[in-house]
file query13.cif (mmCIF, C-alpha atoms)
data_structure
#
loop_
_atom_site.label_atom_id
_atom_site.label_comp_id
_atom_site.auth_asym_id
_atom_site.auth_seq_id
_atom_site.Cartn_x
_atom_site.Cartn_y
_atom_site.Cartn_z
CA MET S 1 64.34 45.58 87.27
CA ARG S 2 63.11 46.01 90.83
CA GLN S 3 62.15 49.52 91.92
CA LEU S 4 64.02 50.67 95.03
CA SER S 5 62.62 52.99 97.62
CA LEU S 6 64.86 55.95 98.31
CA PHE S 7 65.13 54.91 101.96
CA GLU S 8 66.12 51.36 101.03
CA THR S 9 68.84 52.77 98.79
CA LEU S 10 70.09 55.19 101.44
CA SER S 11 70.26 52.56 104.17
CA SER S 12 72.79 50.54 102.21
CA ASN S 13 76.10 50.14 104.05
CA SER S 14 78.27 50.50 100.97
CA ILE S 15 80.65 53.43 100.89
CA VAL S 16 79.85 56.18 98.41
CA ASN S 17 82.72 57.20 96.15
CA VAL S 18 82.27 60.96 95.80
CA SER S 19 84.98 61.07 93.12
CA SER S 20 82.32 59.54 90.83
CA VAL S 21 80.50 62.89 90.93
CA PRO S 22 81.80 65.50 88.46
CA LEU S 23 82.59 68.89 89.98
CA ARG S 24 80.05 71.23 88.41
CA SER S 25 79.24 73.81 91.05
CA PRO S 26 81.09 77.12 91.35
CA PHE S 27 80.75 76.75 95.14
CA ARG S 28 82.83 75.13 97.83
CA TYR S 29 79.99 74.18 100.08
CA PRO S 30 80.17 73.07 103.70
CA GLY S 31 77.62 70.33 104.31
CA GLY S 32 77.33 69.57 100.62
CA LYS S 33 75.31 66.70 99.17
CA THR S 34 77.94 65.24 96.84
CA TRP S 35 77.85 61.99 98.83
CA LEU S 36 74.12 61.66 97.99
CA VAL S 37 74.44 61.87 94.19
CA PRO S 38 75.40 58.21 93.52
CA ARG S 39 72.45 57.10 95.67
CA ILE S 40 70.05 59.38 93.81
CA ARG S 41 71.34 58.09 90.46
CA GLN S 42 70.80 54.54 91.66
CA TRP S 43 67.33 55.30 92.94
CA LEU S 44 66.28 57.13 89.75
CA ALA S 45 67.60 54.27 87.60
CA SER S 46 65.26 51.92 89.50
CA GLN S 47 62.19 54.04 88.71
CA PRO S 48 59.89 53.12 85.82
CA PHE S 49 60.11 56.61 84.25
CA LYS S 50 62.06 59.85 84.41
CA PRO S 51 60.55 62.32 86.91
CA ALA S 52 58.71 65.31 85.48
CA GLU S 53 60.35 67.57 88.05
CA SER S 54 63.02 67.41 90.71
CA ILE S 55 63.02 69.98 93.48
CA GLU S 56 66.18 70.43 95.55
CA PRO S 57 65.38 72.27 98.78
CA PHE S 58 68.33 73.91 100.50
CA ALA S 59 70.15 73.83 97.17
CA GLY S 60 73.39 75.36 98.43
CA GLY S 61 76.08 74.22 96.01
CA GLY S 62 73.35 72.60 93.92
CA ILE S 63 75.18 69.36 93.17
CA VAL S 64 72.02 67.23 93.10
CA SER S 65 70.21 69.62 90.74
CA LEU S 66 73.26 70.08 88.56
CA THR S 67 73.77 66.33 88.26
CA LEU S 68 70.13 65.73 87.34
CA ALA S 69 70.22 68.51 84.74
CA PHE S 70 73.58 67.58 83.18
CA GLU S 71 72.73 63.87 83.07
CA ASP S 72 69.13 64.45 81.89
CA LEU S 73 67.70 62.52 84.84
CA ALA S 74 64.60 64.74 85.23
CA GLU S 75 62.46 66.72 82.80
CA GLN S 76 62.72 69.89 84.90
CA VAL S 77 64.99 70.78 87.79
CA THR S 78 64.09 73.37 90.42
CA MET S 79 66.57 74.70 92.95
CA VAL S 80 65.22 76.25 96.14
CA GLU S 81 67.54 78.39 98.26
CA LEU S 82 66.66 80.71 101.14
CA ASP S 83 70.10 82.32 101.59
CA ASP S 84 69.95 85.48 99.48
CA GLN S 85 73.67 85.39 98.70
CA VAL S 86 73.59 81.84 97.35
CA ALA S 87 70.27 82.49 95.60
CA ALA S 88 71.81 85.51 93.84
CA VAL S 89 74.47 83.25 92.32
CA TRP S 90 71.95 80.72 91.03
CA GLN S 91 69.55 83.42 89.80
CA THR S 92 72.38 85.13 87.94
CA ILE S 93 73.64 81.94 86.34
CA ILE S 94 70.25 80.41 85.52
CA SER S 95 67.94 83.38 84.95
CA GLY S 96 70.31 86.28 84.56
CA ASN S 97 73.64 86.89 82.96
CA GLY S 98 75.85 83.96 83.87
CA VAL S 99 78.18 84.75 80.97
CA ASP S 100 79.02 88.17 82.43
CA LEU S 101 79.54 86.63 85.87
CA ALA S 102 81.94 84.06 84.40
CA GLU S 103 83.86 86.77 82.55
CA LYS S 104 84.04 88.98 85.65
CA ILE S 105 85.54 86.08 87.62
CA ALA S 106 88.08 85.39 84.87
CA ARG S 107 89.11 89.07 84.62
CA PHE S 108 89.34 89.75 88.35
CA GLU S 109 92.88 90.81 89.30
CA PHE S 110 93.17 88.62 92.38
CA SER S 111 95.21 89.79 95.37
CA SER S 112 94.57 90.14 99.08
CA GLU S 113 94.12 93.87 98.56
CA SER S 114 91.72 93.52 95.61
CA VAL S 115 89.63 90.95 97.52
CA ASN S 116 89.38 93.21 100.57
CA ARG S 117 88.61 96.25 98.40
CA MET S 118 85.89 94.39 96.41
CA LEU S 119 84.22 93.00 99.51
CA SER S 120 84.27 96.38 101.26
CA TYR S 121 81.85 97.82 98.67
CA PRO S 122 78.15 97.00 98.92
CA ALA S 123 76.74 94.78 96.19
CA LEU S 124 74.27 97.05 94.40
CA SER S 125 72.82 94.54 91.95
CA ARG S 126 72.02 90.85 91.95
CA GLU S 127 75.01 90.27 89.67
CA ASP S 128 77.31 92.15 92.07
CA LYS S 129 75.96 90.08 94.97
CA ALA S 130 76.62 86.90 92.95
CA PHE S 131 80.24 87.91 92.33
CA HIS S 132 80.76 88.90 95.99
CA THR S 133 79.27 85.58 97.09
CA ILE S 134 81.54 83.49 94.84
CA LEU S 135 84.54 85.54 95.96
CA LYS S 136 83.69 85.13 99.68
CA ASN S 137 82.94 81.44 99.20
CA ARG S 138 86.37 80.94 97.67
CA VAL S 139 88.44 82.96 100.15
CA ASN S 140 86.74 82.12 103.45
CA HIS S 141 87.61 79.08 105.57
CA GLY S 142 85.52 76.12 104.40
CA GLY S 143 83.61 78.31 101.96
CA ILE S 144 81.53 79.70 104.83
CA LEU S 145 79.55 82.81 103.87
CA ALA S 146 78.26 83.84 107.31
CA ALA S 147 79.28 87.21 108.67
CA GLY S 148 82.44 86.90 110.70
CA ALA S 149 83.78 83.90 108.77
CA GLY S 150 87.54 84.16 108.58
CA LYS S 151 89.58 84.22 105.42
CA ILE S 152 92.06 81.51 104.51
CA LYS S 153 95.57 82.29 105.76
CA ALA S 154 98.00 79.53 104.81
CA GLY S 155 95.69 77.83 102.32
CA GLU S 156 96.56 74.78 100.25
CA LYS S 157 100.29 74.19 99.90
CA GLY S 158 100.98 77.60 101.43
CA LYS S 159 99.30 79.48 98.56
CA GLY S 160 97.35 81.59 101.01
CA LEU S 161 94.18 83.40 100.06
CA GLN S 162 94.53 82.48 96.40
CA SER S 163 94.64 78.72 97.05
CA ARG S 164 90.93 78.26 96.26
CA TRP S 165 90.60 80.85 93.49
CA TYR S 166 90.60 79.04 90.14
CA PRO S 167 89.12 81.63 87.78
CA GLU S 168 89.27 79.57 84.58
CA THR S 169 87.73 76.55 86.31
CA LEU S 170 84.98 78.70 87.81
CA LYS S 171 84.34 80.33 84.44
CA LYS S 172 84.07 76.94 82.73
CA ARG S 173 81.69 75.57 85.37
CA ILE S 174 79.42 78.61 85.09
CA LEU S 175 79.43 78.58 81.29
CA ASP S 176 78.67 74.84 81.29
CA ILE S 177 75.63 75.52 83.49
CA VAL S 178 74.57 78.36 81.21
CA LYS S 179 74.63 75.94 78.25
CA ILE S 180 72.17 73.54 79.86
CA ARG S 181 70.04 75.92 81.92
CA ASP S 182 67.05 75.74 79.57
#
call {"tool": "encode", "arguments": {"input": "query13.cif", "output": "structure tokens"}}
result
Amino acid sequence: MRQLSLFETLSSNSIVNVSSVPLRSPFRYPGGKTWLVPRIRQWLASQPFKPAESIEPFAGGGIVSLTLAFEDLAEQVTMVELDDQVAAVWQTIISGNGVDLAEKIARFEFSSESVNRMLSYPALSREDKAFHTILKNRVNHGGILAAGAGKIKAGEKGKGLQSRWYPETLKKRILDIVKIRD
């Protein structure tokens, strides 16, 4: 087997099928790296050994790190994220209490009023910030977390604000990450 350089792999003109990448992140992430995952798999398969560590800078939705961890493509996976909101989610899931976060998402009585009420209170703990971040990511246009980002109005199929809130799916994704975090 010939070893590929990452750049050689990335310069290929073939179209990447992002449906070949399982949805594992609790985030909807603008500018995500899902398109890169098949290329990284291909590149890693061409290497003579499994990397000791993978570091994903600007982790965001974390799809590269999650893929490498779930598919055992690196010995250790490190996610690096500067945004304190996004970092709070990953810290809670990976180093904190991801189970409680998953349960809080599943139990949340979702309505426009409850979303507005929840987001009007300051997040006092890292776990609160993680919940607020997931909630904002799911109700804002395009998953954008920046201050001033608008909330979904019509949403998918006219479902409005709730069109991106899938509590059982989010719970499952978080608990799946918790299972493999070590």
call {"tool": "resolve_selection", "arguments": {"input": "query13.cif", "expression": "the PyMOL selection byres ((chain S and resi 18-27) around 7)", "output": "MDAnalysis selection string"}}
result
chainID S and resid 16:17 28:29 34:35 37 61:63 66 134 137 170 173:174
call {"tool": "write_last_selection", "arguments": {"input": "query13.cif", "atoms": "C-alpha atoms", "output": "PDB file, in the coordinates of the input"}}
result
ATOM      1  CA  VAL S  16      79.850  56.180  98.410  1.00  0.00           C
ATOM      2  CA  ASN S  17      82.720  57.200  96.150  1.00  0.00           C
ATOM      3  CA  ARG S  28      82.830  75.130  97.830  1.00  0.00           C
ATOM      4  CA  TYR S  29      79.990  74.180 100.080  1.00  0.00           C
ATOM      5  CA  THR S  34      77.940  65.240  96.840  1.00  0.00           C
ATOM      6  CA  TRP S  35      77.850  61.990  98.830  1.00  0.00           C
ATOM      7  CA  VAL S  37      74.440  61.870  94.190  1.00  0.00           C
ATOM      8  CA  GLY S  61      76.080  74.220  96.010  1.00  0.00           C
ATOM      9  CA  GLY S  62      73.350  72.600  93.920  1.00  0.00           C
ATOM     10  CA  ILE S  63      75.180  69.360  93.170  1.00  0.00           C
ATOM     11  CA  LEU S  66      73.260  70.080  88.560  1.00  0.00           C
ATOM     12  CA  ILE S 134      81.540  83.490  94.840  1.00  0.00           C
ATOM     13  CA  ASN S 137      82.940  81.440  99.200  1.00  0.00           C
ATOM     14  CA  LEU S 170      84.980  78.700  87.810  1.00  0.00           C
ATOM     15  CA  ARG S 173      81.690  75.570  85.370  1.00  0.00           C
ATOM     16  CA  ILE S 174      79.420  78.610  85.090  1.00  0.00           C
TER      17      ILE S 174
END
call {"tool": "residues_around", "arguments": {"input": "query13.cif", "residues": "Val139 in chain S", "least_positions_apart": "4", "cutoff": "7 Å", "atoms": "only C-alpha atoms", "output": "list in words"}}
result
Leu135, Gly143, Lys151, Ile152, Leu161 and Arg164 of chain S
call {"tool": "residues_around", "arguments": {"input": "query13.cif", "residues": "Pro122 in chain S", "least_positions_apart": "5", "cutoff": "10 Å", "atoms": "only C-alpha atoms", "output": "list of chain:residue names"}}
result
S:Asp128, S:Lys129, S:His132
call {"tool": "closest_residue", "arguments": {"input": "query13.cif", "among": "S:Val64, S:Leu124, S:Ala69, S:Ala130", "to": "Leu101 in chain S", "atoms": "all atoms listed in the file"}}
result
S:Ala130
call {"tool": "closest_residue", "arguments": {"input": "query13.cif", "among": "S:Asn140, S:Ser125, S:Ser111, S:Ser120", "to": "Asn97 in chain S", "atoms": "only C-alpha atoms"}}
result
S:Ser125
call {"tool": "closest_residue", "arguments": {"input": "query13.cif", "among": "S:Ala59, S:Ala74, S:Leu175, S:Leu145", "to": "Ile94 in chain S", "atoms": "all atoms listed in the file"}}
result
S:Leu175
call {"tool": "resolve_selection", "arguments": {"input": "query13.cif", "expression": "the PyMOL selection byres ((chain S and resi 182) around 12)", "output": "count of residues only"}}
result
16
call {"tool": "atom_distance", "arguments": {"input": "query13.cif", "atom1": "CA of Asp84 in chain S", "atom2": "CA of Val99 in chain S"}}
result
20.3 Å
call {"tool": "resolve_selection", "arguments": {"input": "query13.cif", "expression": "the PyMOL selection byres ((chain S and resi 40) around 10)", "output": "VMD selection string"}}
result
chain S and resid 6 9 to 10 35 to 39 41 to 46 64 67 to 68 73
call {"tool": "closest_residue", "arguments": {"input": "query13.cif", "among": "S:Ile55, S:Ile105, S:Met79, S:Glu168", "to": "Thr133 in chain S", "atoms": "only C-alpha atoms"}}
result
S:Ile105
call {"tool": "decode", "arguments": {"input": "query13.cif", "residues": "range 82-105 of chain S", "atoms": "N, CA and C atoms", "output": "PDB file, in the first residue's frame"}}
result
ATOM      1  N   LEU S  82     -11.382  27.325  21.427  1.00  0.00           N
ATOM      2  CA  LEU S  82     -11.209  28.608  22.088  1.00  0.00           C
ATOM      3  C   LEU S  82     -12.538  29.185  22.584  1.00  0.00           C
ATOM      4  N   ASP S  83     -13.610  28.975  21.841  1.00  0.00           N
ATOM      5  CA  ASP S  83     -14.915  29.523  22.227  1.00  0.00           C
ATOM      6  C   ASP S  83     -15.344  28.884  23.554  1.00  0.00           C
ATOM      7  N   ASP S  84     -15.533  29.719  24.582  1.00  0.00           N
ATOM      8  CA  ASP S  84     -15.839  29.170  25.902  1.00  0.00           C
ATOM      9  C   ASP S  84     -17.189  28.465  25.974  1.00  0.00           C
ATOM     10  N   GLN S  85     -18.123  28.856  25.133  1.00  0.00           N
ATOM     11  CA  GLN S  85     -19.425  28.181  25.125  1.00  0.00           C
ATOM     12  C   GLN S  85     -19.289  26.755  24.585  1.00  0.00           C
ATOM     13  N   VAL S  86     -18.630  26.634  23.447  1.00  0.00           N
ATOM     14  CA  VAL S  86     -18.433  25.325  22.824  1.00  0.00           C
ATOM     15  C   VAL S  86     -17.538  24.467  23.713  1.00  0.00           C
ATOM     16  N   ALA S  87     -16.484  25.067  24.255  1.00  0.00           N
ATOM     17  CA  ALA S  87     -15.584  24.327  25.144  1.00  0.00           C
ATOM     18  C   ALA S  87     -16.333  23.797  26.364  1.00  0.00           C
ATOM     19  N   ALA S  88     -17.286  24.560  26.884  1.00  0.00           N
ATOM     20  CA  ALA S  88     -18.059  24.102  28.051  1.00  0.00           C
ATOM     21  C   ALA S  88     -18.829  22.827  27.726  1.00  0.00           C
ATOM     22  N   VAL S  89     -19.350  22.724  26.516  1.00  0.00           N
ATOM     23  CA  VAL S  89     -20.072  21.509  26.121  1.00  0.00           C
ATOM     24  C   VAL S  89     -19.119  20.323  26.120  1.00  0.00           C
ATOM     25  N   TRP S  90     -17.978  20.483  25.430  1.00  0.00           N
ATOM     26  CA  TRP S  90     -17.035  19.356  25.343  1.00  0.00           C
ATOM     27  C   TRP S  90     -16.449  19.012  26.698  1.00  0.00           C
ATOM     28  N   GLN S  91     -16.139  20.012  27.524  1.00  0.00           N
ATOM     29  CA  GLN S  91     -15.613  19.728  28.859  1.00  0.00           C
ATOM     30  C   GLN S  91     -16.644  18.978  29.701  1.00  0.00           C
ATOM     31  N   THR S  92     -17.896  19.374  29.592  1.00  0.00           N
ATOM     32  CA  THR S  92     -18.949  18.702  30.352  1.00  0.00           C
ATOM     33  C   THR S  92     -19.124  17.260  29.894  1.00  0.00           C
ATOM     34  N   ILE S  93     -19.148  17.045  28.598  1.00  0.00           N
ATOM     35  CA  ILE S  93     -19.357  15.690  28.082  1.00  0.00           C
ATOM     36  C   ILE S  93     -18.140  14.806  28.349  1.00  0.00           C
ATOM     37  N   ILE S  94     -16.949  15.328  28.119  1.00  0.00           N
ATOM     38  CA  ILE S  94     -15.745  14.496  28.169  1.00  0.00           C
ATOM     39  C   ILE S  94     -15.125  14.430  29.558  1.00  0.00           C
ATOM     40  N   SER S  95     -15.102  15.533  30.267  1.00  0.00           N
ATOM     41  CA  SER S  95     -14.432  15.555  31.573  1.00  0.00           C
ATOM     42  C   SER S  95     -15.378  15.795  32.742  1.00  0.00           C
ATOM     43  N   GLY S  96     -16.607  16.077  32.442  1.00  0.00           N
ATOM     44  CA  GLY S  96     -17.557  16.414  33.500  1.00  0.00           C
ATOM     45  C   GLY S  96     -18.684  15.410  33.561  1.00  0.00           C
ATOM     46  N   ASN S  97     -19.885  15.932  33.637  1.00  0.00           N
ATOM     47  CA  ASN S  97     -21.036  15.064  33.800  1.00  0.00           C
ATOM     48  C   ASN S  97     -21.923  15.097  32.554  1.00  0.00           C
ATOM     49  N   GLY S  98     -21.489  14.414  31.537  1.00  0.00           N
ATOM     50  CA  GLY S  98     -22.240  14.324  30.294  1.00  0.00           C
ATOM     51  C   GLY S  98     -23.582  13.634  30.469  1.00  0.00           C
ATOM     52  N   VAL S  99     -23.653  12.697  31.413  1.00  0.00           N
ATOM     53  CA  VAL S  99     -24.913  11.985  31.647  1.00  0.00           C
ATOM     54  C   VAL S  99     -25.978  12.960  32.136  1.00  0.00           C
ATOM     55  N   ASP S 100     -25.618  13.826  33.074  1.00  0.00           N
ATOM     56  CA  ASP S 100     -26.582  14.820  33.570  1.00  0.00           C
ATOM     57  C   ASP S 100     -26.997  15.783  32.470  1.00  0.00           C
ATOM     58  N   LEU S 101     -26.045  16.191  31.625  1.00  0.00           N
ATOM     59  CA  LEU S 101     -26.374  17.078  30.514  1.00  0.00           C
ATOM     60  C   LEU S 101     -27.376  16.400  29.577  1.00  0.00           C
ATOM     61  N   ALA S 102     -27.136  15.146  29.259  1.00  0.00           N
ATOM     62  CA  ALA S 102     -28.042  14.399  28.380  1.00  0.00           C
ATOM     63  C   ALA S 102     -29.438  14.300  28.987  1.00  0.00           C
ATOM     64  N   GLU S 103     -29.501  14.038  30.271  1.00  0.00           N
ATOM     65  CA  GLU S 103     -30.792  13.923  30.957  1.00  0.00           C
ATOM     66  C   GLU S 103     -31.510  15.273  31.012  1.00  0.00           C
ATOM     67  N   LYS S 104     -30.759  16.334  31.240  1.00  0.00           N
ATOM     68  CA  LYS S 104     -31.364  17.674  31.289  1.00  0.00           C
ATOM     69  C   LYS S 104     -31.976  18.030  29.940  1.00  0.00           C
ATOM     70  N   ILE S 105     -31.289  17.690  28.858  1.00  0.00           N
ATOM     71  CA  ILE S 105     -31.808  17.929  27.513  1.00  0.00           C
ATOM     72  C   ILE S 105     -33.087  17.131  27.301  1.00  0.00           C
TER      73      ILE S 105
END
